[in-house]
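Data first, discussion second: the structure below is written as structure tokens.
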Amino acid sequence: MRAADARRRASRDPARGQHLLRSDAIATELVEQAGIGRDERVLEIGPGLGRLTAPLARRAAHVIAIEIDEPFVAKLDARFRSAATVQVVAGDALQVALPTVPFRVFGNLPFGATTPLLRRLLDDPTLQLTAVDVLVEWNVARKRAAPRPSNLVSLGWQPRWTFELLRHLPASAFDPRPSVDAGFLAIRPRTPPLLRAHQPPAYRALLTRAFRRANLPVARSLGGTIPTRTITSCLRDRALAPDARPTDLDVFDWVALFEVAQPAGAQKNSSAIPSGSRKLRPEP
């Protein structure tokens with residue numbers, strides 16, 4: 001199968017939403033921007049025909065290229081058969097086993113699978129994940145990197161991770177051309193994290209309850225969960241308006257509110273989750 005035919009096949013499959021980078025020069029620049037070390041192991045998601053794989057192989061100690069599309073897998077196998085540092089894996093990045101040793105992730109993510117892929121990588125505290133550098137849909141990249149207005153998905157990750165939008169790429173940089181532009185997003189572990197290891201479940205439950213009524217002031221959206229005077233005092237200390245809504249608080253504000261809301265002894269009890277919480281469907 002010719003490369004152009006393979007690209008057209010991918011474009012017809014909405015489940016994959018794979019748009020391949022057209023420029024070798026841009027691919028090399030992106031890999032250089034990521035600052036990958038010579039001794040690092042890189043898990044590449046969605047290598048396609050290997051335009052990013054090639055510069056990754058020139059820099060990293062080991063590249064594991066995970067590709068779901070069988071024609072692309074065949075092309076990758078042929079191209080990198082003699083490259084000792086490249087391992088091509090046929091499979092779904094949402095299901096394949098991830099390294100049990102330190103690794104970082106690089107890739108041109110299928111736009112339709114961005115959030116599930118990031119959830120798999122960022123939600124698991126047992127992974128020895130050192131960095132994530134990915135091309136994603138522009139609005140998703142902008143939303144993840146923006147401190148405000150806040151959103152439920154980003155706030156859930158930000159105590160452990162930082163997000164930086166490094167670059168804008170126009171839709172014309174991809175083949176087949178997507179309907180939207182892309183952004184190059186750099187995700188790094190936050191050192192130190194804003195929460196202790198046992199706290200994320202209770203913290204996320206608090207966020208979930210607040211964002212269930214995100215159009216209301218925090219004092220009302222969390223009514224019955226945290227005393228109003230505790231909320232208003234915290235907002236005042238954070239230089240926020242008393243009628244601030246959930247989207248007006250950044251991750252530092254939310255962590256501060258979470259900390260002051262914890263009852264005595266709850267710092268050591270990960271089950272101190274506000275009542276009435278439920279999981280929300282994440283936005284793209």
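Residues in the structure tokens are named by chain (A, B, ... in the order shown) and by number from 1 within that chain; ligands are numbered from 1 in the order shown.
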**Message:** Need the shell around Leu21 of chain A: protein/DNA/RNA residues with any atom at most 7 Å away, counting only C-alpha atoms. Skip same-chain ones fewer than 3 positions apart. Format as a PyMOL selection string?
**Reply:** chain A and resi 173-175
Closest contacts (segment 99-136 of chain A/segment 142-156 of chain A, max 12 Å, only C-alpha atoms) as CSV:
```
residue,atom,partner,partner_atom,distance
A:Thr114,CA,A:Arg144,CA,11.4
A:Thr115,CA,A:Val153,CA,8.9
A:Pro116,CA,A:Val153,CA,11.2
A:Leu118,CA,A:Val153,CA,10.3
A:Arg119,CA,A:Val153,CA,9.2
A:Leu122,CA,A:Gly156,CA,9.7
A:Asp123,CA,A:Gly156,CA,8.9
A:Leu135,CA,A:Arg142,CA,11.6
A:Val136,CA,A:Arg142,CA,9.6
```
Write the residues you've just listed into a file as a PDB file, in the first residue's frame, and include N, CA and C atoms for each of them.
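The new file out26.pdb reads:
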```pdb
ATOM      1  N   THR A 114      -7.721  11.790  22.466  1.00  0.00           N
ATOM      2  CA  THR A 114      -6.775  12.529  23.298  1.00  0.00           C
ATOM      3  C   THR A 114      -7.048  12.372  24.790  1.00  0.00           C
ATOM      4  N   THR A 115      -8.270  12.662  25.219  1.00  0.00           N
ATOM      5  CA  THR A 115      -8.566  12.620  26.647  1.00  0.00           C
ATOM      6  C   THR A 115      -8.442  11.215  27.233  1.00  0.00           C
ATOM      7  N   PRO A 116      -8.972  10.164  26.589  1.00  0.00           N
ATOM      8  CA  PRO A 116      -8.763   8.819  27.141  1.00  0.00           C
ATOM      9  C   PRO A 116      -7.279   8.446  27.248  1.00  0.00           C
ATOM     10  N   LEU A 118      -4.693  10.556  27.621  1.00  0.00           N
ATOM     11  CA  LEU A 118      -4.101  11.313  28.722  1.00  0.00           C
ATOM     12  C   LEU A 118      -4.559  10.767  30.067  1.00  0.00           C
ATOM     13  N   ARG A 119      -5.797  10.349  30.159  1.00  0.00           N
ATOM     14  CA  ARG A 119      -6.273   9.760  31.405  1.00  0.00           C
ATOM     15  C   ARG A 119      -5.455   8.515  31.756  1.00  0.00           C
ATOM     16  N   LEU A 122      -1.905   9.929  32.867  1.00  0.00           N
ATOM     17  CA  LEU A 122      -1.772  10.872  33.977  1.00  0.00           C
ATOM     18  C   LEU A 122      -2.505  10.451  35.241  1.00  0.00           C
ATOM     19  N   ASP A 123      -3.461   9.536  35.127  1.00  0.00           N
ATOM     20  CA  ASP A 123      -4.248   9.142  36.297  1.00  0.00           C
ATOM     21  C   ASP A 123      -3.602   8.040  37.124  1.00  0.00           C
ATOM     22  N   LEU A 135       1.176  16.250  20.301  1.00  0.00           N
ATOM     23  CA  LEU A 135       0.380  17.097  19.424  1.00  0.00           C
ATOM     24  C   LEU A 135      -1.082  16.717  19.620  1.00  0.00           C
ATOM     25  N   VAL A 136      -1.897  17.722  19.925  1.00  0.00           N
ATOM     26  CA  VAL A 136      -3.322  17.498  20.148  1.00  0.00           C
ATOM     27  C   VAL A 136      -4.096  18.623  19.469  1.00  0.00           C
TER      28      VAL A 136
END
```
**alpha helix (DSSP H) residues, from DSSP on the backbone, in segment 92-264 of chain A, as a count of residues only** = 60
Enumerate the residues of segment 85-270 of chain A with a DSSP assignment of strand (DSSP E), computed from the backbone, and present them as a PDB file with N, CA and C atoms, in the first residue's frame.
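New file result_23.pdb:
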```
ATOM      1  N   VAL A  86      14.724   1.134  17.793  1.00  0.00           N
ATOM      2  CA  VAL A  86      13.282   1.281  17.562  1.00  0.00           C
ATOM      3  C   VAL A  86      12.582  -0.066  17.667  1.00  0.00           C
ATOM      4  N   GLN A  87      11.529  -0.101  18.476  1.00  0.00           N
ATOM      5  CA  GLN A  87      10.680  -1.288  18.610  1.00  0.00           C
ATOM      6  C   GLN A  87       9.272  -0.913  18.186  1.00  0.00           C
ATOM      7  N   VAL A  88       8.772  -1.524  17.142  1.00  0.00           N
ATOM      8  CA  VAL A  88       7.423  -1.252  16.644  1.00  0.00           C
ATOM      9  C   VAL A  88       6.449  -2.234  17.289  1.00  0.00           C
ATOM     10  N   VAL A  89       5.405  -1.699  17.907  1.00  0.00           N
ATOM     11  CA  VAL A  89       4.405  -2.516  18.587  1.00  0.00           C
ATOM     12  C   VAL A  89       3.054  -2.283  17.924  1.00  0.00           C
ATOM     13  N   ALA A  90       2.434  -3.346  17.440  1.00  0.00           N
ATOM     14  CA  ALA A  90       1.102  -3.256  16.858  1.00  0.00           C
ATOM     15  C   ALA A  90       0.070  -3.373  17.978  1.00  0.00           C
ATOM     16  N   PHE A 103       9.993   6.153  31.821  1.00  0.00           N
ATOM     17  CA  PHE A 103       9.806   6.407  30.397  1.00  0.00           C
ATOM     18  C   PHE A 103       9.101   7.745  30.215  1.00  0.00           C
ATOM     19  N   ARG A 104       9.175   8.255  29.002  1.00  0.00           N
ATOM     20  CA  ARG A 104       8.433   9.450  28.654  1.00  0.00           C
ATOM     21  C   ARG A 104       7.618   9.165  27.395  1.00  0.00           C
ATOM     22  N   VAL A 105       6.619   9.984  27.150  1.00  0.00           N
ATOM     23  CA  VAL A 105       5.707   9.774  26.022  1.00  0.00           C
ATOM     24  C   VAL A 105       5.846  10.920  25.031  1.00  0.00           C
ATOM     25  N   PHE A 106       5.828  10.556  23.763  1.00  0.00           N
ATOM     26  CA  PHE A 106       5.863  11.536  22.681  1.00  0.00           C
ATOM     27  C   PHE A 106       4.884  11.054  21.624  1.00  0.00           C
ATOM     28  N   GLY A 107       4.202  11.974  20.972  1.00  0.00           N
ATOM     29  CA  GLY A 107       3.328  11.484  19.923  1.00  0.00           C
ATOM     30  C   GLY A 107       2.420  12.528  19.315  1.00  0.00           C
ATOM     31  N   ASN A 108       1.898  12.142  18.182  1.00  0.00           N
ATOM     32  CA  ASN A 108       0.866  12.891  17.474  1.00  0.00           C
ATOM     33  C   ASN A 108      -0.434  12.146  17.733  1.00  0.00           C
ATOM     34  N   LEU A 129       6.359   7.728  34.848  1.00  0.00           N
ATOM     35  CA  LEU A 129       6.266   8.621  33.697  1.00  0.00           C
ATOM     36  C   LEU A 129       6.996   9.916  33.994  1.00  0.00           C
ATOM     37  N   THR A 130       7.966  10.261  33.161  1.00  0.00           N
ATOM     38  CA  THR A 130       8.809  11.430  33.426  1.00  0.00           C
ATOM     39  C   THR A 130       8.421  12.659  32.620  1.00  0.00           C
ATOM     40  N   ALA A 131       7.711  12.479  31.491  1.00  0.00           N
ATOM     41  CA  ALA A 131       7.331  13.620  30.651  1.00  0.00           C
ATOM     42  C   ALA A 131       6.360  13.153  29.581  1.00  0.00           C
ATOM     43  N   VAL A 132       5.538  14.088  29.104  1.00  0.00           N
ATOM     44  CA  VAL A 132       4.623  13.825  27.997  1.00  0.00           C
ATOM     45  C   VAL A 132       4.703  15.017  27.050  1.00  0.00           C
ATOM     46  N   ASP A 133       5.003  14.755  25.771  1.00  0.00           N
ATOM     47  CA  ASP A 133       5.025  15.800  24.751  1.00  0.00           C
ATOM     48  C   ASP A 133       4.168  15.325  23.593  1.00  0.00           C
ATOM     49  N   VAL A 134       3.036  16.002  23.355  1.00  0.00           N
ATOM     50  CA  VAL A 134       2.076  15.489  22.382  1.00  0.00           C
ATOM     51  C   VAL A 134       1.478  16.607  21.545  1.00  0.00           C
ATOM     52  N   LEU A 135       1.176  16.250  20.301  1.00  0.00           N
ATOM     53  CA  LEU A 135       0.380  17.097  19.424  1.00  0.00           C
ATOM     54  C   LEU A 135      -1.082  16.717  19.620  1.00  0.00           C
ATOM     55  N   VAL A 136      -1.897  17.722  19.925  1.00  0.00           N
ATOM     56  CA  VAL A 136      -3.322  17.498  20.148  1.00  0.00           C
ATOM     57  C   VAL A 136      -4.096  18.623  19.469  1.00  0.00           C
ATOM     58  N   GLU A 137      -5.397  18.471  19.422  1.00  0.00           N
ATOM     59  CA  GLU A 137      -6.253  19.517  18.865  1.00  0.00           C
ATOM     60  C   GLU A 137      -5.996  20.848  19.579  1.00  0.00           C
ATOM     61  N   TRP A 161       0.645  17.516  37.805  1.00  0.00           N
ATOM     62  CA  TRP A 161       1.252  17.771  36.500  1.00  0.00           C
ATOM     63  C   TRP A 161       1.170  19.239  36.121  1.00  0.00           C
ATOM     64  N   THR A 162       2.161  19.720  35.389  1.00  0.00           N
ATOM     65  CA  THR A 162       2.100  21.060  34.804  1.00  0.00           C
ATOM     66  C   THR A 162       1.903  20.915  33.298  1.00  0.00           C
ATOM     67  N   PHE A 163       1.224  21.884  32.716  1.00  0.00           N
ATOM     68  CA  PHE A 163       0.915  21.855  31.287  1.00  0.00           C
ATOM     69  C   PHE A 163       1.411  23.153  30.648  1.00  0.00           C
ATOM     70  N   GLU A 164       2.148  23.025  29.558  1.00  0.00           N
ATOM     71  CA  GLU A 164       2.644  24.204  28.845  1.00  0.00           C
ATOM     72  C   GLU A 164       2.381  24.035  27.356  1.00  0.00           C
ATOM     73  N   LEU A 165       1.766  25.038  26.768  1.00  0.00           N
ATOM     74  CA  LEU A 165       1.500  25.033  25.334  1.00  0.00           C
ATOM     75  C   LEU A 165       2.703  25.645  24.629  1.00  0.00           C
ATOM     76  N   LEU A 166       3.466  24.813  23.928  1.00  0.00           N
ATOM     77  CA  LEU A 166       4.739  25.241  23.358  1.00  0.00           C
ATOM     78  C   LEU A 166       4.618  25.801  21.953  1.00  0.00           C
ATOM     79  N   ARG A 167       3.604  25.337  21.214  1.00  0.00           N
ATOM     80  CA  ARG A 167       3.610  25.689  19.795  1.00  0.00           C
ATOM     81  C   ARG A 167       2.238  25.497  19.171  1.00  0.00           C
ATOM     82  N   HIS A 168       1.959  26.321  18.184  1.00  0.00           N
ATOM     83  CA  HIS A 168       0.732  26.209  17.382  1.00  0.00           C
ATOM     84  C   HIS A 168       1.102  25.705  15.999  1.00  0.00           C
ATOM     85  N   LEU A 169       0.394  24.679  15.540  1.00  0.00           N
ATOM     86  CA  LEU A 169       0.601  24.165  14.184  1.00  0.00           C
ATOM     87  C   LEU A 169      -0.699  24.282  13.405  1.00  0.00           C
ATOM     88  N   PHE A 174      -0.701  19.022   8.371  1.00  0.00           N
ATOM     89  CA  PHE A 174      -1.056  17.611   8.506  1.00  0.00           C
ATOM     90  C   PHE A 174      -1.683  17.073   7.227  1.00  0.00           C
ATOM     91  N   ASP A 175      -1.587  15.765   7.071  1.00  0.00           N
ATOM     92  CA  ASP A 175      -2.157  15.078   5.924  1.00  0.00           C
ATOM     93  C   ASP A 175      -2.749  13.745   6.412  1.00  0.00           C
ATOM     94  N   ALA A 182      -3.620  22.416  15.449  1.00  0.00           N
ATOM     95  CA  ALA A 182      -3.090  21.579  16.524  1.00  0.00           C
ATOM     96  C   ALA A 182      -2.169  22.389  17.420  1.00  0.00           C
ATOM     97  N   GLY A 183      -1.942  21.884  18.621  1.00  0.00           N
ATOM     98  CA  GLY A 183      -1.016  22.505  19.551  1.00  0.00           C
ATOM     99  C   GLY A 183      -0.060  21.460  20.089  1.00  0.00           C
ATOM    100  N   PHE A 184       1.171  21.889  20.372  1.00  0.00           N
ATOM    101  CA  PHE A 184       2.192  21.002  20.934  1.00  0.00           C
ATOM    102  C   PHE A 184       2.229  21.244  22.429  1.00  0.00           C
ATOM    103  N   LEU A 185       1.811  20.243  23.182  1.00  0.00           N
ATOM    104  CA  LEU A 185       1.598  20.358  24.621  1.00  0.00           C
ATOM    105  C   LEU A 185       2.689  19.608  25.378  1.00  0.00           C
ATOM    106  N   ALA A 186       3.333  20.297  26.317  1.00  0.00           N
ATOM    107  CA  ALA A 186       4.355  19.680  27.155  1.00  0.00           C
ATOM    108  C   ALA A 186       3.801  19.502  28.567  1.00  0.00           C
ATOM    109  N   ILE A 187       3.819  18.270  29.062  1.00  0.00           N
ATOM    110  CA  ILE A 187       3.299  17.937  30.389  1.00  0.00           C
ATOM    111  C   ILE A 187       4.450  17.388  31.219  1.00  0.00           C
ATOM    112  N   ARG A 188       4.616  17.963  32.414  1.00  0.00           N
ATOM    113  CA  ARG A 188       5.724  17.553  33.267  1.00  0.00           C
ATOM    114  C   ARG A 188       5.219  17.304  34.688  1.00  0.00           C
ATOM    115  N   PRO A 189       5.879  16.407  35.430  1.00  0.00           N
ATOM    116  CA  PRO A 189       5.506  16.204  36.832  1.00  0.00           C
ATOM    117  C   PRO A 189       5.715  17.486  37.635  1.00  0.00           C
TER     118      PRO A 189
END
```
**Fill in**
Students should find that atom CA of Ser221 of chain A and atom CA of Asp243 of chain A are spaced 10.7 Å
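Closest approach to Ser172 of chain A from the set A:His19, A:Pro201, A:Arg41, A:Ala261 is made by A:His19, with distances taken over only C-alpha atoms.
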**Message:** I'd like the neighbourhood of Phe72 of chain A as a PyMOL selection string, where a residue qualifies if any of its atoms comes within 7 Å (using only C-alpha atoms), though same-chain residues fewer than 4 positions away should be ignored.
**Reply:** chain A and resi 48-49+76
I need the chosen residues saved as a PDB file, in the first residue's frame, with C-alpha atoms.
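Result file follows (part.pdb):
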```pdb
ATOM      1  CA  GLY A  48       1.911   6.631  11.499  1.00  0.00           C
ATOM      2  CA  LEU A  49       4.592   6.392   8.819  1.00  0.00           C
ATOM      3  CA  LEU A  76       7.147   1.108  10.145  1.00  0.00           C
TER       4      LEU A  76
END
```
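Going from atom CA of Ala84 of chain A to atom CA of Ile36 of chain A covers 17.8 Å.
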**Message:** If we count only C-alpha atoms and set the cut-off at 12 Å, which residues sit around Gly223 of chain A, ignoring sequence neighbours fewer than 3 positions away in its own chain? Please answer as a ChimeraX atom specification.
**Reply:** /A:206,209-210,212-213,216-220,226-232,274-276
